[in-house]
file target_7.txt (compact mmCIF, C-alpha atoms and all ligand atoms)
# COMPACT_ATOMS: atom_id res chain seq x y z
CA MET S 275 0.00 0.00 0.00
CA ARG S 276 1.07 3.57 -0.60
CA ILE S 277 0.10 6.46 1.69
CA ASP S 278 0.84 10.09 0.80
CA ILE S 279 0.41 12.72 3.48
CA LEU S 280 -0.01 16.33 2.35
CA THR S 281 1.04 18.82 4.98
CA LEU S 282 2.76 22.12 5.75
CA PHE S 283 4.90 20.32 8.34
CA PRO S 284 6.50 17.31 6.63
CA GLU S 285 9.11 17.20 9.40
CA MET S 286 6.38 15.86 11.71
CA PHE S 287 6.40 12.58 9.74
CA PRO S 288 6.84 9.67 10.09
CA GLY S 289 7.08 10.75 13.76
CA PRO S 290 5.03 8.29 15.79
CA LEU S 291 4.37 6.27 12.63
CA GLY S 292 8.07 5.37 12.59
CA SER S 293 7.83 3.25 15.76
CA SER S 294 6.17 0.06 16.92
CA ILE S 295 3.75 -1.74 14.59
CA ASP S 296 3.62 1.09 12.03
CA GLY S 297 7.40 1.44 11.99
CA ARG S 298 7.77 -2.28 11.37
CA ALA S 299 5.26 -2.10 8.50
CA LEU S 300 7.17 0.83 6.98
CA ARG S 301 10.56 -0.83 7.29
CA SER S 302 9.32 -4.12 5.84
CA GLY S 303 7.89 -2.31 2.79
CA LEU S 304 4.32 -3.36 3.58
CA VAL S 305 3.45 0.30 3.27
CA GLU S 306 5.27 3.17 1.61
CA LEU S 307 4.74 6.50 3.33
CA ASN S 308 5.52 9.78 1.52
CA THR S 309 4.98 13.36 2.56
CA VAL S 310 4.23 16.26 0.25
CA ASN S 311 4.69 19.89 1.30
CA TYR S 312 1.88 22.19 0.15
CA ARG S 313 4.45 24.99 0.21
CA ASP S 314 6.13 23.48 -2.87
CA PHE S 315 2.97 24.29 -4.84
CA ALA S 316 2.75 27.97 -3.95
CA GLY S 317 2.38 30.20 -6.99
CA ASP S 318 4.69 33.00 -5.83
CA GLU S 319 8.23 33.51 -4.59
CA ARG S 320 7.09 34.07 -1.02
CA GLY S 321 5.48 30.66 -0.86
CA THR S 322 1.96 31.91 -0.16
CA VAL S 323 -0.48 29.06 0.47
CA ASP S 324 -3.31 30.86 2.28
CA GLU S 325 -5.60 33.87 1.99
CA ARG S 326 -8.39 35.58 3.93
CA PRO S 327 -11.91 34.20 3.36
CA TYR S 328 -14.40 36.09 1.19
CA GLY S 329 -17.26 37.38 3.29
CA GLY S 330 -15.04 37.96 6.30
CA GLY S 331 -14.43 35.93 9.42
CA PRO S 332 -11.37 34.97 11.39
CA GLY S 333 -8.34 33.14 10.06
CA MET S 334 -7.05 32.09 6.68
CA LEU S 335 -7.98 29.45 4.12
CA MET S 336 -5.75 27.27 1.98
CA LEU S 337 -5.71 28.52 -1.61
CA PRO S 338 -7.56 26.22 -4.04
CA GLU S 339 -4.76 26.21 -6.65
CA VAL S 340 -2.19 25.14 -4.09
CA PHE S 341 -4.34 22.41 -2.57
CA THR S 342 -5.47 20.89 -5.87
CA ALA S 343 -1.96 21.05 -7.36
CA ALA S 344 -0.52 19.15 -4.37
CA VAL S 345 -3.21 16.45 -4.57
CA GLU S 346 -3.00 16.11 -8.34
CA LYS S 347 0.78 15.79 -8.18
CA VAL S 348 0.56 12.49 -6.26
CA LYS S 349 -2.83 11.18 -7.37
CA THR S 350 -2.91 7.86 -9.20
CA PRO S 351 -5.97 6.22 -10.82
CA GLY S 352 -7.95 4.56 -8.04
CA ALA S 353 -6.34 6.57 -5.24
CA VAL S 354 -8.66 7.68 -2.43
CA VAL S 355 -8.23 11.30 -1.31
CA VAL S 356 -9.13 11.99 2.31
CA LEU S 357 -9.22 15.48 3.82
CA THR S 358 -8.98 15.76 7.61
CA SER S 359 -11.86 17.91 8.79
CA PRO S 360 -14.02 18.26 11.91
CA ARG S 361 -16.97 18.37 9.50
CA GLY S 362 -16.19 14.95 8.02
CA GLU S 363 -17.61 11.51 8.76
CA VAL S 364 -16.24 10.35 12.10
CA LEU S 365 -13.47 7.76 11.78
CA SER S 366 -14.56 4.25 12.74
CA GLN S 367 -13.05 0.79 12.54
CA ALA S 368 -15.29 0.12 9.53
CA LEU S 369 -14.02 3.21 7.71
CA ALA S 370 -10.42 2.30 8.57
CA ALA S 371 -10.98 -1.15 7.06
CA GLU S 372 -12.43 0.41 3.93
CA LEU S 373 -9.44 2.74 3.55
CA ALA S 374 -7.02 -0.14 4.23
CA SER S 375 -8.39 -1.95 1.19
CA CYS S 376 -7.47 0.81 -1.25
CA GLY S 377 -4.01 0.50 -2.72
CA HIS S 378 -3.22 4.21 -2.60
CA LEU S 379 -4.44 6.55 0.13
CA ILE S 380 -3.81 10.28 0.03
CA ILE S 381 -4.40 12.04 3.35
CA ALA S 382 -4.53 15.82 3.04
CA ALA S 383 -4.03 17.53 6.39
CA GLY S 384 -6.01 20.74 6.75
CA HIS S 385 -4.35 23.91 8.01
CA TYR S 386 -5.55 27.33 9.16
CA GLU S 387 -9.37 27.52 9.11
CA GLY S 388 -9.54 24.93 6.35
CA VAL S 389 -9.52 24.70 2.57
CA ASP S 390 -11.41 26.67 -0.13
CA GLU S 391 -14.61 24.66 -0.66
CA ARG S 392 -14.19 24.50 -4.44
CA ALA S 393 -10.88 22.69 -4.03
CA VAL S 394 -12.58 20.17 -1.73
CA GLU S 395 -15.33 19.56 -4.31
CA GLU S 396 -12.72 19.26 -7.04
CA VAL S 397 -10.30 16.65 -5.62
CA VAL S 398 -11.43 15.27 -2.23
CA ASP S 399 -13.24 11.91 -2.07
CA ARG S 400 -14.08 11.93 1.65
CA GLU S 401 -13.73 14.28 4.56
CA VAL S 402 -12.82 12.45 7.76
CA SER S 403 -12.99 13.67 11.36
CA ILE S 404 -11.25 11.85 14.20
CA GLY S 405 -13.81 13.05 16.75
CA ASP S 406 -15.99 15.91 17.88
CA TYR S 407 -13.30 18.31 19.00
CA VAL S 408 -11.07 20.78 17.17
CA LEU S 409 -7.35 20.17 16.61
CA SER S 410 -4.86 22.91 15.71
CA ASN S 411 -4.26 21.35 12.29
CA GLY S 412 -4.78 18.08 10.47
CA ASN S 413 -1.40 16.46 11.14
CA LEU S 414 -2.35 14.50 14.23
CA ALA S 415 -5.60 13.47 12.53
CA ALA S 416 -3.60 12.28 9.50
CA MET S 417 -1.39 10.21 11.82
CA VAL S 418 -4.39 8.67 13.55
CA ILE S 419 -6.00 7.75 10.23
CA ALA S 420 -2.72 6.32 8.88
CA ASP S 421 -2.14 4.32 12.08
CA THR S 422 -5.59 2.70 12.12
CA VAL S 423 -5.19 1.82 8.44
CA ILE S 424 -1.62 0.47 8.62
CA ARG S 425 -2.27 -1.90 11.54
CA LEU S 426 -5.09 -3.47 9.51
CA LEU S 427 -2.87 -4.34 6.54
CA PRO S 428 -2.39 -8.09 6.26
CA GLY S 429 0.97 -8.88 7.89
CA ALA S 430 1.23 -5.65 9.92
CA LEU S 431 0.34 -7.40 13.14
CA GLY S 432 2.34 -10.38 14.32
CA ASP S 433 0.68 -13.72 15.10
CA SER S 434 0.48 -12.77 18.74
CA GLU S 435 -1.35 -9.53 17.95
CA SER S 436 -4.75 -10.00 16.42
CA ALA S 437 -6.99 -7.28 15.02
CA GLU S 438 -10.05 -9.54 15.05
CA GLN S 439 -10.35 -9.62 18.79
CA ASP S 440 -9.91 -5.86 19.16
CA SER S 441 -12.61 -3.54 20.36
CA PHE S 442 -14.97 -2.84 17.43
CA GLY S 443 -13.46 -5.75 15.45
CA ASP S 444 -16.69 -7.71 15.87
CA GLY S 445 -18.79 -4.64 16.61
CA LEU S 446 -18.32 -4.93 20.39
CA LEU S 447 -15.88 -3.52 22.95
CA GLU S 448 -13.17 -5.92 24.04
CA PHE S 449 -13.64 -7.96 27.23
CA PRO S 450 -11.37 -7.33 30.27
CA GLN S 451 -8.14 -9.34 30.29
CA TYR S 452 -5.71 -10.56 32.93
CA THR S 453 -2.13 -11.81 33.12
CA ARG S 454 0.14 -13.01 35.92
CA PRO S 455 -0.01 -13.13 38.92
CA PRO S 456 -3.23 -15.09 39.59
CA VAL S 457 -3.90 -12.87 42.63
CA PHE S 458 -2.96 -9.16 42.62
CA ARG S 459 -3.59 -7.05 45.75
CA GLY S 460 -6.22 -9.51 46.84
CA ARG S 461 -7.99 -9.53 43.46
CA ALA S 462 -8.11 -12.96 41.87
CA VAL S 463 -8.28 -13.62 38.13
CA PRO S 464 -11.78 -14.94 37.24
CA GLU S 465 -11.55 -18.68 37.80
CA ILE S 466 -13.01 -19.66 34.47
CA LEU S 467 -9.97 -18.18 32.67
CA LEU S 468 -7.75 -20.72 34.46
CA SER S 469 -10.08 -23.64 33.66
CA GLY S 470 -8.65 -24.47 30.23
CA ASP S 471 -12.21 -24.87 28.88
CA HIS S 472 -11.93 -22.78 25.73
CA GLY S 473 -15.59 -23.03 24.77
CA LYS S 474 -16.68 -21.76 28.17
CA ILE S 475 -14.03 -19.03 28.13
CA ARG S 476 -15.20 -17.81 24.74
CA GLU S 477 -18.80 -17.68 25.97
CA TYR S 478 -17.78 -15.89 29.17
CA ARG S 479 -15.75 -13.28 27.30
CA ARG S 480 -18.52 -12.73 24.78
CA GLY S 481 -20.99 -12.10 27.63
CA LEU S 482 -18.65 -9.51 29.17
CA SER S 483 -18.11 -7.83 25.79
CA GLU S 484 -21.84 -7.51 25.28
CA ALA S 485 -22.48 -6.22 28.82
CA LEU S 486 -19.65 -3.68 28.62
CA THR S 487 -20.78 -2.41 25.23
CA ARG S 488 -24.41 -2.08 26.36
CA GLU S 489 -23.35 -0.21 29.49
CA ARG S 490 -20.61 2.08 28.22
CA ARG S 491 -21.48 2.66 24.59
CA PRO S 492 -25.21 2.42 23.93
CA ASP S 493 -24.55 3.88 20.45
CA VAL S 494 -22.16 1.04 19.56
CA TRP S 495 -24.57 -1.51 21.07
CA GLU S 496 -27.50 -0.26 18.97
CA LYS S 497 -25.38 -0.51 15.83
CA PHE S 498 -24.29 -4.03 16.80
CA LEU S 499 -27.91 -5.15 17.27
CA THR S 500 -28.87 -3.69 13.91
CA ASN S 501 -25.93 -5.36 12.14
CA GLU S 502 -26.70 -8.72 13.74
CA GLY S 503 -30.28 -8.39 12.52
CA ILE S 504 -31.54 -8.48 16.12
CA LYS S 505 -33.16 -5.07 15.75
N1 LIG M 601 -12.59 26.22 11.33
C1 LIG M 601 -12.63 24.81 11.32
C2 LIG M 601 -11.57 24.21 12.24
C3 LIG M 601 -10.16 24.46 11.80
S1 LIG M 601 -9.02 23.46 12.64
C4 LIG M 601 -14.03 24.33 11.74
O1 LIG M 601 -14.61 24.95 12.62
O2 LIG M 601 -14.50 23.32 11.23
C5 LIG M 601 -7.73 23.35 11.45
C6 LIG M 601 -7.62 22.04 10.71
O3 LIG M 601 -7.36 21.00 11.64
C7 LIG M 601 -8.84 21.60 9.94
O4 LIG M 601 -8.85 22.12 8.66
C8 LIG M 601 -8.68 20.08 9.91
O5 LIG M 601 -7.87 19.67 8.84
C9 LIG M 601 -7.93 19.79 11.20
N2 LIG M 601 -8.82 19.28 12.24
C10 LIG M 601 -9.24 19.93 13.34
N3 LIG M 601 -10.04 19.15 14.09
C11 LIG M 601 -10.13 17.95 13.46
C12 LIG M 601 -10.82 16.74 13.74
N4 LIG M 601 -11.58 16.59 14.81
N5 LIG M 601 -10.67 15.73 12.87
C13 LIG M 601 -9.91 15.86 11.76
N6 LIG M 601 -9.24 16.99 11.44
C14 LIG M 601 -9.34 18.03 12.28
call {"tool": "encode", "arguments": {"input": "target_7.txt", "output": "structure tokens", "more": "lines below"}}
Ligand code: SAH
result
Amino acid sequence: MRIDILTLFPEMFPGPLGSSIDGRALRSGLVELNTVNYRDFAGDERGTVDERPYGGGPGMLMLPEVFTAAVEKVKTPGAVVVLTSPRGEVLSQALAAELASCGHLIIAAGHYEGVDERAVEEVVDREVSIGDYVLSNGNLAAMVIADTVIRLLPGALGDSESAEQDSFGDGLLEFPQYTRPPVFRGRAVPEILLSGDHGKIREYRRGLSEALTRERRPDVWEKFLTNEGIK
């Protein structure tokens, strides 16, 4: 897979994406990560990439020529262009899986107050938000999107790390887990986990997953019931 990140701060990358699971995927060639600097597409000597919005209001907007030129420079047929935006669809495990299945992902980080709307209409396939809060710019959002996508690529996780069991993998939150010692500060590991009865353990964990999801995330629970055809 190829991921291009468009940004005004290419020095921020790979940053956290260079370590751990993502770093391993990058080093092994499972994914190729490039950065593109919007500044290189400025039309003047001063490197101007932003301008005040028509109609007034605070802040600056990215110029449409600069934004589209940067995207079109790296775009290949079939590439999916994502713009980070608090107005976008909220990132989910399902969306991450969808993005992980495209061979070429272009993540355009937003800067300033955002991007001229005509440029968005022209070259962006989907606007993606990482949650209902406002970040200073799109770089951290781009990293979050890239991270969720990379760890889903076949081979990114080792045998001992499974994506299937993760929270949201099956539409539910993950069950609580325990490791050694069997008793910690007077709290014993649930006995069933030491029983060796894998059928029972699976059933027990599934029950906890369902209860946790119902309790903590009614929104996720409702979606799960709908997907399972229960509701
Ligand atoms: N004026 C904008 C916010 C600008 S924040 C508004 O009210 O919608 C600057 C940039 O940071 C945005 O263009 C976007 O690319 C990025 N950003 C901020 N919050 C984000 C979020 N929750 N998810 C994804 N990107 C975000």
call {"tool": "residues_near_ligand", "arguments": {"input": "target_7.txt", "ligand": "ligand LIG 601 (chain M)", "cutoff": "7 Å", "atoms": "all atoms listed in the file", "output": "VMD selection string"}}
result
chain S and resid 357 to 361 383 to 389 402 to 412 415
call {"tool": "residues_around", "arguments": {"input": "target_7.txt", "residues": "Gln439 of chain S", "least_positions_apart": "2", "cutoff": "12 Å", "atoms": "all atoms listed in the file", "output": "list in words"}}
result
Ser434, Glu435, Ser436, Ala437, Ser441, Phe442, Gly443, Asp444, Gly445, Leu446, Leu447, Glu448, Phe449, Pro450, Gln451, Arg476, Arg479, Arg480 and Ser483 of chain S
call {"tool": "write_last_selection", "arguments": {"input": "target_7.txt", "atoms": "C-alpha atoms", "output": "tab-separated table (two decimals), in the coordinates of the input"}}
result
chain	number	residue	atom	x	y	z
S	434	SER	CA	0.48	-12.77	18.74
S	435	GLU	CA	-1.35	-9.53	17.95
S	436	SER	CA	-4.75	-10.00	16.42
S	437	ALA	CA	-6.99	-7.28	15.02
S	441	SER	CA	-12.61	-3.54	20.36
S	442	PHE	CA	-14.97	-2.84	17.43
S	443	GLY	CA	-13.46	-5.75	15.45
S	444	ASP	CA	-16.69	-7.71	15.87
S	445	GLY	CA	-18.79	-4.64	16.61
S	446	LEU	CA	-18.32	-4.93	20.39
S	447	LEU	CA	-15.88	-3.52	22.95
S	448	GLU	CA	-13.17	-5.92	24.04
S	449	PHE	CA	-13.64	-7.96	27.23
S	450	PRO	CA	-11.37	-7.33	30.27
S	451	GLN	CA	-8.14	-9.34	30.29
S	476	ARG	CA	-15.20	-17.81	24.74
S	479	ARG	CA	-15.75	-13.28	27.30
S	480	ARG	CA	-18.52	-12.73	24.78
S	483	SER	CA	-18.11	-7.83	25.79
call {"tool": "atom_distance", "arguments": {"input": "target_7.txt", "atom1": "atom CA of Ala344 of chain S", "atom2": "atom CA of Leu307 of chain S"}}
result
15.7 Å
call {"tool": "atom_distance", "arguments": {"input": "target_7.txt", "atom1": "atom CA of Phe498 of chain S", "atom2": "atom CA of Leu369 of chain S"}}
result
15.5 Å
call {"tool": "closest_residue", "arguments": {"input": "target_7.txt", "among": "S:Thr500, S:Thr422, S:Thr322, S:Ser293", "to": "Ala374 of chain S", "atoms": "only C-alpha atoms"}}
result
S:Thr422
call {"tool": "closest_residue", "arguments": {"input": "target_7.txt", "among": "S:Pro456, S:Gly297, S:Ile381, S:Ala393", "to": "Met417 of chain S", "atoms": "only C-alpha atoms"}}
result
S:Ile381
call {"tool": "atom_distance", "arguments": {"input": "target_7.txt", "atom1": "atom CA of Thr309 of chain S", "atom2": "atom CA of Leu280 of chain S"}}
result
5.8 Å
call {"tool": "residues_around", "arguments": {"input": "target_7.txt", "residues": "Val310 of chain S", "least_positions_apart": "5", "cutoff": "7 Å", "atoms": "only C-alpha atoms", "output": "list in words"}}
result
Ile279, Leu280, Thr281 and Pro284 of chain S
call {"tool": "residues_around", "arguments": {"input": "target_7.txt", "residues": "Val397 of chain S", "least_positions_apart": "5", "cutoff": "10 Å", "atoms": "only C-alpha atoms", "output": "list in words"}}
result
Phe341, Thr342, Ala343, Val345, Glu346, Lys349, Val354, Val355, Val356, Leu357 and Arg392 of chain S
call {"tool": "write_last_selection", "arguments": {"input": "target_7.txt", "atoms": "C-alpha atoms", "output": "CSV table (one decimal), in the coordinates of the input"}}
result
chain,number,residue,atom,x,y,z
S,341,PHE,CA,-4.3,22.4,-2.6
S,342,THR,CA,-5.5,20.9,-5.9
S,343,ALA,CA,-2.0,21.0,-7.4
S,345,VAL,CA,-3.2,16.4,-4.6
S,346,GLU,CA,-3.0,16.1,-8.3
S,349,LYS,CA,-2.8,11.2,-7.4
S,354,VAL,CA,-8.7,7.7,-2.4
S,355,VAL,CA,-8.2,11.3,-1.3
S,356,VAL,CA,-9.1,12.0,2.3
S,357,LEU,CA,-9.2,15.5,3.8
S,392,ARG,CA,-14.2,24.5,-4.4
call {"tool": "residues_around", "arguments": {"input": "target_7.txt", "residues": "Gly352 of chain S", "least_positions_apart": "3", "cutoff": "9 Å", "atoms": "all atoms listed in the file", "output": "PDB file with C-alpha atoms, keeping the file's coordinate frame"}}
result
ATOM      1  CA  LYS S 349      -2.830  11.180  -7.370  1.00  0.00           C
ATOM      2  CA  CYS S 376      -7.470   0.810  -1.250  1.00  0.00           C
ATOM      3  CA  GLY S 377      -4.010   0.500  -2.720  1.00  0.00           C
ATOM      4  CA  HIS S 378      -3.220   4.210  -2.600  1.00  0.00           C
TER       5      HIS S 378
END
call {"tool": "closest_residue", "arguments": {"input": "target_7.txt", "among": "S:Val398, S:Leu373, S:Met286, S:Val323", "to": "Met336 of chain S", "atoms": "only C-alpha atoms"}}
result
S:Val323
call {"tool": "residues_near_point", "arguments": {"input": "target_7.txt", "point": "(-9.8, 32.1, -7.0)", "cutoff": "12 Å", "atoms": "all atoms listed in the file", "output": "tab-separated table (two decimals) with C-alpha atoms, in the frame of the given file"}}
result
chain	number	residue	atom	x	y	z
S	324	ASP	CA	-3.31	30.86	2.28
S	325	GLU	CA	-5.60	33.87	1.99
S	326	ARG	CA	-8.39	35.58	3.93
S	327	PRO	CA	-11.91	34.20	3.36
S	328	TYR	CA	-14.40	36.09	1.19
S	335	LEU	CA	-7.98	29.45	4.12
S	336	MET	CA	-5.75	27.27	1.98
S	337	LEU	CA	-5.71	28.52	-1.61
S	338	PRO	CA	-7.56	26.22	-4.04
S	339	GLU	CA	-4.76	26.21	-6.65
S	340	VAL	CA	-2.19	25.14	-4.09
S	341	PHE	CA	-4.34	22.41	-2.57
S	390	ASP	CA	-11.41	26.67	-0.13
S	391	GLU	CA	-14.61	24.66	-0.66
S	392	ARG	CA	-14.19	24.50	-4.44
S	393	ALA	CA	-10.88	22.69	-4.03
call {"tool": "residues_around", "arguments": {"input": "target_7.txt", "residues": "Pro290 of chain S", "least_positions_apart": "2", "cutoff": "12 Å", "atoms": "all atoms listed in the file", "output": "JSON, numbers by chain"}}
result
{"S": [285, 286, 287, 288, 292, 293, 294, 295, 296, 297, 298, 300, 413, 414, 416, 417, 418, 420, 421]}
